[in-house]
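Text of the file work.cif, holding mmCIF, C-alpha atoms:
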```cif
data_model
loop_
_atom_site.group_PDB
_atom_site.id
_atom_site.type_symbol
_atom_site.label_atom_id
_atom_site.label_comp_id
_atom_site.auth_asym_id
_atom_site.auth_seq_id
_atom_site.Cartn_x
_atom_site.Cartn_y
_atom_site.Cartn_z
ATOM 1 C CA MET A 23 -16.151 -37.261 5.957
ATOM 2 C CA LYS A 24 -13.714 -36.190 8.664
ATOM 3 C CA ALA A 25 -10.929 -36.050 6.108
ATOM 4 C CA VAL A 26 -12.977 -33.777 3.882
ATOM 5 C CA ALA A 27 -13.771 -31.519 6.835
ATOM 6 C CA LEU A 28 -10.103 -31.407 7.845
ATOM 7 C CA LEU A 29 -9.031 -30.657 4.286
ATOM 8 C CA GLY A 30 -11.636 -27.902 4.023
ATOM 9 C CA GLY A 31 -10.500 -26.463 7.336
ATOM 10 C CA ALA A 32 -6.877 -26.498 6.240
ATOM 11 C CA LEU A 33 -7.740 -24.778 2.962
ATOM 12 C CA LEU A 34 -9.714 -22.096 4.751
ATOM 13 C CA ALA A 35 -6.945 -21.550 7.300
ATOM 14 C CA SER A 36 -4.354 -21.156 4.554
ATOM 15 C CA ALA A 37 -6.603 -18.735 2.734
ATOM 16 C CA CYS A 38 -7.017 -16.596 5.849
ATOM 17 C CA ALA A 39 -4.431 -13.844 5.582
ATOM 18 C CA PRO A 40 -4.056 -11.815 8.774
ATOM 19 C CA LEU A 41 -1.958 -8.655 8.637
ATOM 20 C CA ARG A 42 1.712 -9.426 9.220
ATOM 21 C CA SER A 43 4.968 -7.531 8.943
ATOM 22 C CA ASP A 44 8.376 -8.734 7.775
ATOM 23 C CA PRO A 45 11.423 -7.937 9.923
ATOM 24 C CA LEU A 46 13.179 -4.632 9.289
ATOM 25 C CA PRO A 47 15.637 -5.316 6.443
ATOM 26 C CA GLU A 48 19.324 -4.570 6.879
ATOM 27 C CA ILE A 49 20.570 -1.648 4.828
ATOM 28 C CA GLY A 50 24.003 -0.538 3.751
ATOM 29 C CA PRO A 51 25.875 2.651 4.577
ATOM 30 C CA PRO A 52 24.658 6.042 3.323
ATOM 31 C CA GLU A 53 25.566 7.011 -0.238
ATOM 32 C CA TYR A 54 24.898 10.584 -1.348
ATOM 33 C CA ALA A 55 23.813 11.219 -4.922
ATOM 34 C CA HIS A 56 22.082 13.601 -7.314
ATOM 35 C CA VAL A 57 19.026 12.595 -9.347
ATOM 36 C CA VAL A 58 19.834 12.947 -13.054
ATOM 37 C CA ALA A 59 16.781 11.282 -14.593
ATOM 38 C CA LYS A 60 13.364 10.031 -13.502
ATOM 39 C CA ARG A 61 11.023 7.630 -15.292
ATOM 40 C CA ASP A 62 7.529 6.606 -14.174
ATOM 41 C CA LEU A 63 6.859 2.867 -14.388
ATOM 42 C CA ASN A 64 3.550 1.027 -14.392
ATOM 43 C CA ILE A 65 4.107 -2.672 -13.695
ATOM 44 C CA ARG A 66 1.946 -5.755 -13.217
ATOM 45 C CA ALA A 67 1.685 -6.567 -9.512
ATOM 46 C CA GLY A 68 -0.801 -7.590 -6.878
ATOM 47 C CA GLU A 69 -3.822 -9.746 -7.515
ATOM 48 C CA THR A 70 -4.937 -10.831 -10.966
ATOM 49 C CA ARG A 71 -8.424 -10.606 -12.404
ATOM 50 C CA ALA A 72 -8.597 -14.431 -12.461
ATOM 51 C CA GLU A 73 -7.851 -14.603 -8.721
ATOM 52 C CA ARG A 74 -10.562 -12.088 -7.971
ATOM 53 C CA GLY A 75 -12.958 -13.986 -10.221
ATOM 54 C CA ALA A 76 -12.231 -17.295 -8.477
ATOM 55 C CA TRP A 77 -13.035 -15.850 -5.067
ATOM 56 C CA ALA A 78 -16.089 -14.051 -6.452
ATOM 57 C CA LEU A 79 -17.445 -17.369 -7.757
ATOM 58 C CA LEU A 80 -17.660 -18.566 -4.162
ATOM 59 C CA SER A 81 -20.106 -15.784 -3.362
ATOM 60 C CA LEU A 82 -22.646 -17.252 -5.831
ATOM 61 C CA ASN A 83 -23.730 -13.647 -6.364
ATOM 62 C CA PRO A 84 -23.965 -12.879 -10.105
ATOM 63 C CA ALA A 85 -23.395 -9.167 -9.593
ATOM 64 C CA ILE A 86 -20.194 -9.716 -7.607
ATOM 65 C CA ILE A 87 -18.912 -12.287 -10.107
ATOM 66 C CA ALA A 88 -19.563 -9.906 -12.999
ATOM 67 C CA GLY A 89 -17.941 -7.021 -11.127
ATOM 68 C CA ALA A 90 -14.824 -9.050 -10.362
ATOM 69 C CA MET A 91 -14.441 -10.421 -13.881
ATOM 70 C CA VAL A 92 -14.978 -7.231 -15.862
ATOM 71 C CA GLY A 93 -12.385 -5.603 -13.687
ATOM 72 C CA VAL A 94 -14.315 -2.882 -11.905
ATOM 73 C CA GLU A 95 -10.982 -2.205 -10.207
ATOM 74 C CA ASP A 96 -8.216 -3.387 -12.480
ATOM 75 C CA GLU A 97 -5.867 -1.087 -10.557
ATOM 76 C CA PHE A 98 -5.501 -3.982 -8.087
ATOM 77 C CA GLY A 99 -3.373 -5.703 -10.714
ATOM 78 C CA ARG A 100 -1.058 -2.721 -11.417
ATOM 79 C CA SER A 101 1.584 -0.881 -9.431
ATOM 80 C CA GLN A 102 3.228 2.475 -10.117
ATOM 81 C CA LEU A 103 6.731 3.431 -9.094
ATOM 82 C CA SER A 104 9.623 5.575 -10.297
ATOM 83 C CA GLU A 105 13.004 4.644 -11.718
ATOM 84 C CA TYR A 106 15.797 7.087 -10.907
ATOM 85 C CA ASP A 107 19.230 7.475 -12.486
ATOM 86 C CA LEU A 108 21.614 8.787 -9.831
ATOM 87 C CA THR A 109 25.129 10.174 -9.937
ATOM 88 C CA LEU A 110 26.939 9.154 -6.776
ATOM 89 C CA VAL A 111 28.880 11.977 -5.140
ATOM 90 C CA GLN A 112 31.684 9.573 -4.213
ATOM 91 C CA GLY A 113 33.328 8.428 -7.425
ATOM 92 C CA GLY A 114 30.776 9.960 -9.789
ATOM 93 C CA ARG A 115 29.413 6.549 -10.766
ATOM 94 C CA ILE A 116 25.877 6.154 -12.137
ATOM 95 C CA ALA A 117 23.336 4.007 -10.283
ATOM 96 C CA THR A 118 19.775 3.172 -11.310
ATOM 97 C CA VAL A 119 17.240 2.408 -8.594
ATOM 98 C CA GLN A 120 13.475 1.908 -8.390
ATOM 99 C CA SER A 121 11.498 3.492 -5.567
ATOM 100 C CA ARG A 122 8.125 4.913 -4.599
ATOM 101 C CA TYR A 123 9.828 7.770 -2.761
ATOM 102 C CA VAL A 124 9.210 11.037 -4.620
ATOM 103 C CA VAL A 125 12.238 13.214 -5.509
ATOM 104 C CA GLN A 126 12.845 15.606 -8.375
ATOM 105 C CA VAL A 127 15.579 15.656 -11.010
ATOM 106 C CA GLY A 128 18.588 17.621 -9.739
ATOM 107 C CA GLN A 129 17.757 16.969 -6.092
ATOM 108 C CA CYS A 130 20.357 15.716 -3.596
ATOM 109 C CA LEU A 131 19.491 12.527 -1.710
ATOM 110 C CA VAL A 132 20.978 9.858 0.489
ATOM 111 C CA MET A 133 20.525 6.239 -0.573
ATOM 112 C CA ARG A 134 20.737 3.148 1.663
ATOM 113 C CA ARG A 135 20.876 -0.075 -0.371
ATOM 114 C CA PRO A 136 19.415 -3.293 1.074
ATOM 115 C CA MET A 137 21.972 -5.888 2.167
ATOM 116 C CA GLN A 138 19.829 -8.899 1.138
ATOM 117 C CA GLY A 139 17.091 -7.996 -1.314
ATOM 118 C CA GLY A 140 14.280 -5.579 -0.718
ATOM 119 C CA ALA A 141 13.767 -1.961 -1.560
ATOM 120 C CA VAL A 142 16.379 0.777 -1.532
ATOM 121 C CA VAL A 143 15.780 3.525 1.034
ATOM 122 C CA ILE A 144 15.940 7.067 -0.361
ATOM 123 C CA ILE A 145 15.748 10.300 1.646
ATOM 124 C CA ALA A 146 15.866 13.791 0.123
ATOM 125 C CA GLN A 147 18.685 15.945 1.490
ATOM 126 C CA GLU A 148 19.753 19.579 1.488
ATOM 127 C CA GLU A 149 22.116 20.375 -1.374
ATOM 128 C CA THR A 150 24.997 21.004 1.031
ATOM 129 C CA ARG A 151 24.995 17.276 1.930
ATOM 130 C CA CYS A 152 25.975 16.441 -1.660
ATOM 131 C CA ALA A 153 28.957 18.776 -1.680
ATOM 132 C CA PRO A 154 32.131 16.682 -2.168
ATOM 133 C CA GLN A 155 33.729 18.109 0.979
ATOM 134 C CA ALA A 156 30.669 17.079 3.031
ATOM 135 C CA ASN A 157 31.298 13.438 2.053
ATOM 136 C CA ALA A 158 35.071 13.437 2.225
ATOM 137 C CA GLY A 159 35.065 11.290 5.349
ATOM 138 C CA SER A 160 32.350 8.848 4.296
ATOM 139 C CA ALA A 161 33.842 7.126 1.278
ATOM 140 C CA GLN A 162 32.062 3.815 0.572
ATOM 141 C CA MET B 24 -55.576 -14.836 -1.244
ATOM 142 C CA ASN B 25 -54.425 -15.663 -4.741
ATOM 143 C CA VAL B 26 -50.609 -15.821 -5.038
ATOM 144 C CA THR B 27 -49.286 -17.202 -8.316
ATOM 145 C CA ILE B 28 -45.915 -18.899 -8.808
ATOM 146 C CA SER B 29 -44.901 -16.323 -11.393
ATOM 147 C CA GLY B 30 -45.738 -13.563 -8.930
ATOM 148 C CA VAL B 31 -43.442 -15.102 -6.302
ATOM 149 C CA ARG B 32 -40.692 -15.468 -8.907
ATOM 150 C CA THR B 33 -41.001 -11.812 -9.835
ATOM 151 C CA VAL B 34 -40.715 -10.727 -6.220
ATOM 152 C CA LEU B 35 -37.692 -12.983 -5.651
ATOM 153 C CA ALA B 36 -35.995 -11.693 -8.803
ATOM 154 C CA ALA B 37 -36.561 -8.103 -7.745
ATOM 155 C CA LEU B 38 -35.186 -8.896 -4.276
ATOM 156 C CA ALA B 39 -32.069 -10.552 -5.754
ATOM 157 C CA LEU B 40 -31.444 -7.574 -8.036
ATOM 158 C CA THR B 41 -31.869 -5.139 -5.159
ATOM 159 C CA CYS B 42 -29.462 -7.128 -2.948
ATOM 160 C CA SER B 43 -26.896 -7.252 -5.743
ATOM 161 C CA ALA B 44 -27.135 -3.523 -6.304
ATOM 162 C CA VAL B 45 -26.797 -2.849 -2.573
ATOM 163 C CA SER B 46 -23.812 -5.168 -2.233
ATOM 164 C CA LEU B 47 -22.036 -3.472 -5.157
ATOM 165 C CA SER B 48 -22.806 0.051 -3.968
ATOM 166 C CA ALA B 49 -21.262 -0.850 -0.603
ATOM 167 C CA CYS B 50 -17.872 -1.531 -2.225
ATOM 168 C CA ALA B 51 -14.900 0.681 -1.370
ATOM 169 C CA THR B 52 -12.200 1.336 -3.955
ATOM 170 C CA THR B 53 -8.730 2.770 -3.624
ATOM 171 C CA GLU B 54 -10.132 6.068 -4.876
ATOM 172 C CA THR B 55 -12.594 6.066 -1.985
ATOM 173 C CA VAL B 56 -9.782 6.345 0.540
ATOM 174 C CA ALA B 57 -7.325 8.249 -1.675
ATOM 175 C CA ASN B 58 -9.834 11.047 -2.242
ATOM 176 C CA ALA B 59 -10.992 11.231 1.368
ATOM 177 C CA PRO B 60 -9.780 14.235 3.405
ATOM 178 C CA VAL B 61 -6.087 13.918 4.304
ATOM 179 C CA THR B 62 -6.985 14.033 7.985
ATOM 180 C CA SER B 63 -9.177 10.910 7.771
ATOM 181 C CA GLY B 64 -8.274 7.883 9.847
ATOM 182 C CA ALA B 65 -5.898 7.210 12.721
ATOM 183 C CA THR B 66 -3.034 9.628 13.320
ATOM 184 C CA GLN B 67 0.324 9.775 15.072
ATOM 185 C CA ASP B 68 2.999 12.489 15.325
ATOM 186 C CA TYR B 69 6.730 11.818 14.956
ATOM 187 C CA SER B 70 9.612 14.019 16.062
ATOM 188 C CA ALA B 71 11.462 13.737 12.778
ATOM 189 C CA PRO B 72 11.756 15.779 9.570
ATOM 190 C CA TYR B 73 9.165 15.251 6.861
ATOM 191 C CA ASP B 74 11.607 13.783 4.312
ATOM 192 C CA VAL B 75 12.786 11.128 6.786
ATOM 193 C CA VAL B 76 9.256 10.145 7.859
ATOM 194 C CA LYS B 77 8.323 9.784 4.172
ATOM 195 C CA ALA B 78 11.037 7.142 3.810
ATOM 196 C CA ALA B 79 10.070 5.446 7.075
ATOM 197 C CA ALA B 80 6.389 5.328 6.075
ATOM 198 C CA LEU B 81 7.272 3.783 2.737
ATOM 199 C CA GLU B 82 9.511 1.174 4.356
ATOM 200 C CA SER B 83 6.781 0.485 6.892
ATOM 201 C CA VAL B 84 4.151 -0.358 4.269
ATOM 202 C CA GLN B 85 6.625 -2.357 2.148
ATOM 203 C CA ARG B 86 7.113 -4.729 5.098
ATOM 204 C CA LEU B 87 3.399 -5.591 5.273
ATOM 205 C CA ASN B 88 1.632 -8.341 3.320
ATOM 206 C CA VAL B 89 -0.164 -5.755 1.171
ATOM 207 C CA ASP B 90 0.168 -4.671 -2.463
ATOM 208 C CA ILE B 91 1.436 -1.111 -2.889
ATOM 209 C CA GLN B 92 -0.392 0.466 -5.796
ATOM 210 C CA GLY B 93 1.529 3.713 -5.946
ATOM 211 C CA SER B 94 2.531 6.936 -4.278
ATOM 212 C CA ASP B 95 2.438 10.612 -5.071
ATOM 213 C CA GLU B 96 3.189 13.936 -3.468
ATOM 214 C CA THR B 97 1.382 17.264 -3.371
ATOM 215 C CA ASP B 98 2.065 20.465 -1.424
ATOM 216 C CA GLU B 99 -0.253 19.076 1.233
ATOM 217 C CA ARG B 100 0.976 15.509 1.727
ATOM 218 C CA PHE B 101 2.950 12.467 0.563
ATOM 219 C CA GLN B 102 0.534 9.577 -0.024
ATOM 220 C CA ILE B 103 1.064 5.813 -0.293
ATOM 221 C CA ARG B 104 -1.858 3.772 -1.690
ATOM 222 C CA PHE B 105 -2.154 0.070 -0.934
ATOM 223 C CA SER B 106 -4.593 -2.833 -1.010
ATOM 224 C CA LYS B 107 -4.798 -6.101 0.864
ATOM 225 C CA ALA B 108 -5.753 -9.031 -1.308
ATOM 226 C CA ILE B 109 -9.001 -10.918 -1.263
ATOM 227 C CA SER B 110 -9.004 -14.095 0.889
ATOM 228 C CA ALA B 111 -11.395 -16.741 2.142
ATOM 229 C CA PHE B 112 -12.595 -14.572 4.992
ATOM 230 C CA SER B 113 -12.401 -11.119 3.491
ATOM 231 C CA TRP B 114 -13.024 -9.247 0.265
ATOM 232 C CA GLY B 115 -9.802 -7.403 1.046
ATOM 233 C CA GLU B 116 -9.109 -3.869 2.145
ATOM 234 C CA VAL B 117 -7.896 -0.636 0.569
ATOM 235 C CA GLY B 118 -5.902 2.039 2.338
ATOM 236 C CA VAL B 119 -3.697 5.092 2.227
ATOM 237 C CA VAL B 120 -0.923 6.489 4.392
ATOM 238 C CA ASN B 121 -0.729 10.287 4.321
ATOM 239 C CA VAL B 122 2.461 11.976 5.568
ATOM 240 C CA VAL B 123 1.982 15.654 6.469
ATOM 241 C CA ARG B 124 4.625 18.218 7.470
ATOM 242 C CA VAL B 125 3.740 19.948 10.769
ATOM 243 C CA ASP B 126 6.975 21.942 11.159
ATOM 244 C CA ASP B 127 10.686 21.385 10.505
ATOM 245 C CA HIS B 128 10.967 18.824 13.303
ATOM 246 C CA THR B 129 7.514 17.268 13.517
ATOM 247 C CA THR B 130 5.632 15.165 10.979
ATOM 248 C CA ARG B 131 2.123 13.743 11.253
ATOM 249 C CA VAL B 132 1.077 10.431 9.704
ATOM 250 C CA TYR B 133 -2.518 9.446 8.949
ATOM 251 C CA VAL B 134 -3.591 5.872 8.189
ATOM 252 C CA HIS B 135 -6.986 5.532 6.542
ATOM 253 C CA THR B 136 -8.330 2.170 5.358
ATOM 254 C CA SER B 137 -11.635 0.670 4.344
ATOM 255 C CA LYS B 138 -12.945 -2.814 3.713
ATOM 256 C CA ARG B 139 -13.722 -3.336 0.040
ATOM 257 C CA ASP B 140 -17.065 -4.813 1.012
ATOM 258 C CA GLN B 141 -18.193 -2.495 3.770
ATOM 259 C CA MET B 142 -20.872 -4.941 4.871
ATOM 260 C CA GLN B 143 -18.364 -7.622 5.934
ATOM 261 C CA ILE B 144 -17.395 -7.985 9.574
ATOM 262 C CA THR B 145 -14.196 -9.999 9.044
ATOM 263 C CA GLY B 146 -10.898 -8.679 7.677
ATOM 264 C CA THR B 147 -8.320 -6.197 8.951
ATOM 265 C CA SER B 148 -9.626 -3.076 10.668
ATOM 266 C CA GLU B 149 -8.251 0.444 10.282
ATOM 267 C CA ARG B 150 -6.982 0.302 13.874
ATOM 268 C CA GLN B 151 -5.058 -2.908 13.176
ATOM 269 C CA PHE B 152 -3.445 -1.395 10.066
ATOM 270 C CA ALA B 153 -2.627 1.823 11.925
ATOM 271 C CA ASN B 154 -1.075 0.085 14.925
ATOM 272 C CA GLN B 155 1.210 -2.010 12.721
ATOM 273 C CA ILE B 156 2.184 0.869 10.409
ATOM 274 C CA PHE B 157 2.873 3.278 13.293
ATOM 275 C CA ALA B 158 5.012 0.652 15.056
ATOM 276 C CA ASN B 159 6.965 -0.018 11.848
ATOM 277 C CA ILE B 160 7.566 3.712 11.280
ATOM 278 C CA THR B 161 8.906 4.085 14.821
ATOM 279 C CA GLU B 162 11.264 1.154 14.203
ATOM 280 C CA SER B 163 12.468 2.538 10.847
ATOM 281 C CA LEU B 164 12.990 6.024 12.251
ATOM 282 C CA SER B 165 15.122 4.799 15.127
ATOM 283 C CA ARG B 166 17.409 3.108 12.586
ATOM 284 C CA LEU B 167 17.433 5.887 9.962
ATOM 285 C CA GLN B 168 18.201 8.571 12.563
ATOM 286 C CA GLN B 169 21.152 6.721 14.132
#
```
Could you quickly redo this structure as structure tokens?
Amino acid sequence: MKAVALLGGALLASACAPLRSDPLPEIGPPEYAHVVAKRDLNIRAGETRAERGAWALLSLNPAIIAGAMVGVEDEFGRSQLSEYDLTLVQGGRIATVQSRYVVQVGQCLVMRRPMQGGAVVIIAQEETRCAPQANAGSAQ
Amino acid sequence: MNVTISGVRTVLAALALTCSAVSLSACATTETVANAPVTSGATQDYSAPYDVVKAAALESVQRLNVDIQGSDETDERFQIRFSKAISAFSWGEVGVVNVVRVDDHTTRVYVHTSKRDQMQITGTSERQFANQIFANITESLSRLQQ
């Protein structure tokens, strides 16, 4: 009986998910670029309908179970982001990145790539920052 | 007093249906918080340009154990929508971060969240989300502005 109680307690503890934050990821040096193309992506992410249904079953409430299974909020299983094609000011190379930062085609930006996985950091810039002479001393 | 079994069953069924309807109507969705006024929730000002705070806010939410559902920008604000998954003690939460330009050097950030089941007392509160997000933005800004 004690073992069952301990197992139940352990399961509940592992299922408890307090808010937590990962450490600030390391990012590389600034790279200036122009946006040449933008595509909107809609990907599968987050919780699945089956996961929601499993938790809903525990409620023993038929309305909640039905709501979870028919996908009252299927948006919880989708994620939207943008894919940008960039032309780097230094070297003129093309780079493709995915981000939820909003920039327009033709806009100048600075990009900081993650050193070990994670999301690229993008910040919109004034056009003068993408002038070749403005980056002459910051070759990557 | 003449109470029949079928009469009791009818009352219980009606009660169960009413409770189910109430519990469903008390559910918050991402649209609930996304469509709320931009100024809803906890707020904090940052002495940094709007475009930089946008990036810091995004990085801040990406570090949390939440699912980012999307982002968009209007003339009024840049908005990040997120949800925190269902767990043993919570039906999860939904939230938005709104980034608003005050002037060229000041940007205001609003954090507005809601529990999916508004009748639950467990889960992460708006204040807890806001404190963590504001702290993360401060940390990101100090690095991005070096």
Using all atoms listed in the file, find each residue in chain B having at least one atom no more than 8 Å away from chain A; report its shortest atom-to-atom pair and that distance in Å (one decimal), rows by chain then rising number, as JSON lines.
```
{"residue": "B:Ser43", "atom": "CA", "partner": "A:Ala85", "partner_atom": "CA", "distance": 5.5}
{"residue": "B:Ala44", "atom": "CA", "partner": "A:Ala85", "partner_atom": "CA", "distance": 7.5}
{"residue": "B:Ser46", "atom": "CA", "partner": "A:Ile86", "partner_atom": "CA", "distance": 7.9}
{"residue": "B:Leu47", "atom": "CA", "partner": "A:Ile86", "partner_atom": "CA", "distance": 7.0}
{"residue": "B:Thr52", "atom": "CA", "partner": "A:Glu95", "partner_atom": "CA", "distance": 7.3}
{"residue": "B:Asp74", "atom": "CA", "partner": "A:Ala146", "partner_atom": "CA", "distance": 6.0}
{"residue": "B:Val75", "atom": "CA", "partner": "A:Ile145", "partner_atom": "CA", "distance": 6.0}
{"residue": "B:Lys77", "atom": "CA", "partner": "A:Tyr123", "partner_atom": "CA", "distance": 7.4}
{"residue": "B:Ala78", "atom": "CA", "partner": "A:Ile145", "partner_atom": "CA", "distance": 6.1}
{"residue": "B:Leu81", "atom": "CA", "partner": "A:Tyr123", "partner_atom": "CA", "distance": 7.3}
{"residue": "B:Glu82", "atom": "CA", "partner": "A:Val143", "partner_atom": "CA", "distance": 7.5}
{"residue": "B:Arg86", "atom": "CA", "partner": "A:Asp44", "partner_atom": "CA", "distance": 5.0}
{"residue": "B:Leu87", "atom": "CA", "partner": "A:Ser43", "partner_atom": "CA", "distance": 4.4}
{"residue": "B:Asn88", "atom": "CA", "partner": "A:Arg42", "partner_atom": "CA", "distance": 6.0}
{"residue": "B:Asp90", "atom": "CA", "partner": "A:Gly68", "partner_atom": "CA", "distance": 5.4}
{"residue": "B:Ile91", "atom": "CA", "partner": "A:Ser101", "partner_atom": "CA", "distance": 6.5}
{"residue": "B:Gln92", "atom": "CA", "partner": "A:Ser101", "partner_atom": "CA", "distance": 4.4}
{"residue": "B:Gly93", "atom": "CA", "partner": "A:Gln102", "partner_atom": "CA", "distance": 4.7}
{"residue": "B:Ser94", "atom": "CA", "partner": "A:Arg122", "partner_atom": "CA", "distance": 6.0}
{"residue": "B:Asp95", "atom": "CA", "partner": "A:Val124", "partner_atom": "CA", "distance": 6.8}
{"residue": "B:Glu96", "atom": "CA", "partner": "A:Val124", "partner_atom": "CA", "distance": 6.8}
{"residue": "B:Ser106", "atom": "CA", "partner": "A:Phe98", "partner_atom": "CA", "distance": 7.2}
{"residue": "B:Ala108", "atom": "CA", "partner": "A:Glu69", "partner_atom": "CA", "distance": 6.5}
{"residue": "B:Ile109", "atom": "CA", "partner": "A:Arg74", "partner_atom": "CA", "distance": 7.0}
{"residue": "B:Ser110", "atom": "CA", "partner": "A:Ala37", "partner_atom": "CA", "distance": 5.5}
{"residue": "B:Ala111", "atom": "CA", "partner": "A:Ala37", "partner_atom": "CA", "distance": 5.2}
{"residue": "B:Phe112", "atom": "CA", "partner": "A:Cys38", "partner_atom": "CA", "distance": 6.0}
{"residue": "B:Gly146", "atom": "CA", "partner": "A:Pro40", "partner_atom": "CA", "distance": 7.6}
{"residue": "B:Thr147", "atom": "CA", "partner": "A:Leu41", "partner_atom": "CA", "distance": 6.8}
{"residue": "B:Gln151", "atom": "CA", "partner": "A:Leu41", "partner_atom": "CA", "distance": 8.0}
{"residue": "B:Phe152", "atom": "CA", "partner": "A:Leu41", "partner_atom": "CA", "distance": 7.5}
{"residue": "B:Gln155", "atom": "CA", "partner": "A:Ser43", "partner_atom": "CA", "distance": 7.7}
{"residue": "B:Glu162", "atom": "CA", "partner": "A:Leu46", "partner_atom": "CA", "distance": 7.8}
{"residue": "B:Ser163", "atom": "CA", "partner": "A:Leu46", "partner_atom": "CA", "distance": 7.4}
```
Query - Given only C-alpha atoms as the counted atoms, nearest of B:Gln168, B:Thr145, B:Asn159, B:Thr136 to B:Ala57 - result: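 The closest residue to B:Ala57 is B:Thr136.
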Query raised in the report: atom CA of A:Gln126 and atom CA of B:Thr55, how far apart in Å?
Result: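 Rounded to one decimal, the two atoms are 27.9 Å apart.
Reported to one decimal place, the separation of atom CA of A:Lys60 from atom CA of B:Asn58 is 25.8 Å.
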Query raised in the report: Suppose you want the space between atom CA of B:Trp114 and atom CA of B:His135; what is it in Å?
Result: 17.2 Å
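Evaluating the PyMOL selection byres ((chain B and resi 73) around 9) against the shown model yields Ala71, Pro72, Asp74, Val75, Val76, Lys77, Ala78, Val122, Val123, Arg124, Val125, Asp126, Asp127, His128, Thr129, Thr130 and Arg131 of chain B.
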Include C-alpha atoms and write out the residues we just selected as a compact mmCIF listing (two decimals), in the frame of the given file.
```txt
# COMPACT_ATOMS: atom_id res chain seq x y z
CA ALA B 71 11.46 13.74 12.78
CA PRO B 72 11.76 15.78 9.57
CA ASP B 74 11.61 13.78 4.31
CA VAL B 75 12.79 11.13 6.79
CA VAL B 76 9.26 10.14 7.86
CA LYS B 77 8.32 9.78 4.17
CA ALA B 78 11.04 7.14 3.81
CA VAL B 122 2.46 11.98 5.57
CA VAL B 123 1.98 15.65 6.47
CA ARG B 124 4.62 18.22 7.47
CA VAL B 125 3.74 19.95 10.77
CA ASP B 126 6.98 21.94 11.16
CA ASP B 127 10.69 21.38 10.50
CA HIS B 128 10.97 18.82 13.30
CA THR B 129 7.51 17.27 13.52
CA THR B 130 5.63 15.16 10.98
CA ARG B 131 2.12 13.74 11.25
```
Query raised in the report: Selected by the PyMOL selection byres ((chain B and resi 157) around 10) in the shown coordinates: which residues, as number ranges by chain?
Result: B: 65-69, 79-80, 83-84, 132-134, 152-156, 158-163
Mind working out the centre and edge lengths of an axis-aligned box for stretch 99-117 of chain A, all listed atoms inside, 8 Å added to each side, rounded to one decimal in Å and written as JSON?
```
{"center_x": 15.0, "center_y": 3.1, "center_z": -8.3, "size_x": 52.7, "size_y": 33.7, "size_z": 24.3}
```
Query raised in the report: In file coordinates, which residues lie within 12 Å of (31.2, 11.8, -9.5) using all atoms listed in the file, given as a list in words?
Result: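 Returned residue set, sorted by chain then number, is Glu53, Tyr54, Ala55, His56, Val58, Leu108, Thr109, Leu110, Val111, Gln112, Gly113, Gly114, Arg115, Ile116, Ala117, Cys152, Ala153, Pro154 and Asn157 of chain A.
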Keeping only C-alpha atoms, take the residues you just selected and write them out as a PDB file, keeping the file's coordinate frame.
```pdb
ATOM      1  CA  GLU A  53      25.566   7.011  -0.238  1.00  0.00           C
ATOM      2  CA  TYR A  54      24.898  10.584  -1.348  1.00  0.00           C
ATOM      3  CA  ALA A  55      23.813  11.219  -4.922  1.00  0.00           C
ATOM      4  CA  HIS A  56      22.082  13.601  -7.314  1.00  0.00           C
ATOM      5  CA  VAL A  58      19.834  12.947 -13.054  1.00  0.00           C
ATOM      6  CA  LEU A 108      21.614   8.787  -9.831  1.00  0.00           C
ATOM      7  CA  THR A 109      25.129  10.174  -9.937  1.00  0.00           C
ATOM      8  CA  LEU A 110      26.939   9.154  -6.776  1.00  0.00           C
ATOM      9  CA  VAL A 111      28.880  11.977  -5.140  1.00  0.00           C
ATOM     10  CA  GLN A 112      31.684   9.573  -4.213  1.00  0.00           C
ATOM     11  CA  GLY A 113      33.328   8.428  -7.425  1.00  0.00           C
ATOM     12  CA  GLY A 114      30.776   9.960  -9.789  1.00  0.00           C
ATOM     13  CA  ARG A 115      29.413   6.549 -10.766  1.00  0.00           C
ATOM     14  CA  ILE A 116      25.877   6.154 -12.137  1.00  0.00           C
ATOM     15  CA  ALA A 117      23.336   4.007 -10.283  1.00  0.00           C
ATOM     16  CA  CYS A 152      25.975  16.441  -1.660  1.00  0.00           C
ATOM     17  CA  ALA A 153      28.957  18.776  -1.680  1.00  0.00           C
ATOM     18  CA  PRO A 154      32.131  16.682  -2.168  1.00  0.00           C
ATOM     19  CA  ASN A 157      31.298  13.438   2.053  1.00  0.00           C
TER      20      ASN A 157
END
```
**Report entry** Among the residues B:Thr53, B:Arg32, B:Ser63, B:Gln143, the one that comes closest to B:Lys107 [using only C-alpha atoms]
**Finding:**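 For B:Lys107, the nearest of the candidates is B:Thr53.
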Output stretch 148-152 of chain A with N, CA and C atoms present, as a PDB file, keeping the file's coordinate frame.
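Once written, part24.pdb looks like this:
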```pdb
ATOM      1  N   GLU A 148      19.376  18.227   1.914  1.00  0.00           N
ATOM      2  CA  GLU A 148      19.753  19.579   1.488  1.00  0.00           C
ATOM      3  C   GLU A 148      20.952  19.467   0.559  1.00  0.00           C
ATOM      4  N   GLU A 149      21.068  20.421  -0.352  1.00  0.00           N
ATOM      5  CA  GLU A 149      22.116  20.375  -1.374  1.00  0.00           C
ATOM      6  C   GLU A 149      23.509  20.329  -0.751  1.00  0.00           C
ATOM      7  N   THR A 150      23.665  20.965   0.398  1.00  0.00           N
ATOM      8  CA  THR A 150      24.997  21.004   1.031  1.00  0.00           C
ATOM      9  C   THR A 150      25.498  19.599   1.374  1.00  0.00           C
ATOM     10  N   ARG A 151      24.578  18.637   1.578  1.00  0.00           N
ATOM     11  CA  ARG A 151      24.995  17.276   1.930  1.00  0.00           C
ATOM     12  C   ARG A 151      25.623  16.560   0.736  1.00  0.00           C
ATOM     13  N   CYS A 152      25.409  17.072  -0.475  1.00  0.00           N
ATOM     14  CA  CYS A 152      25.975  16.441  -1.660  1.00  0.00           C
ATOM     15  C   CYS A 152      27.267  17.123  -2.114  1.00  0.00           C
TER      16      CYS A 152
END
```
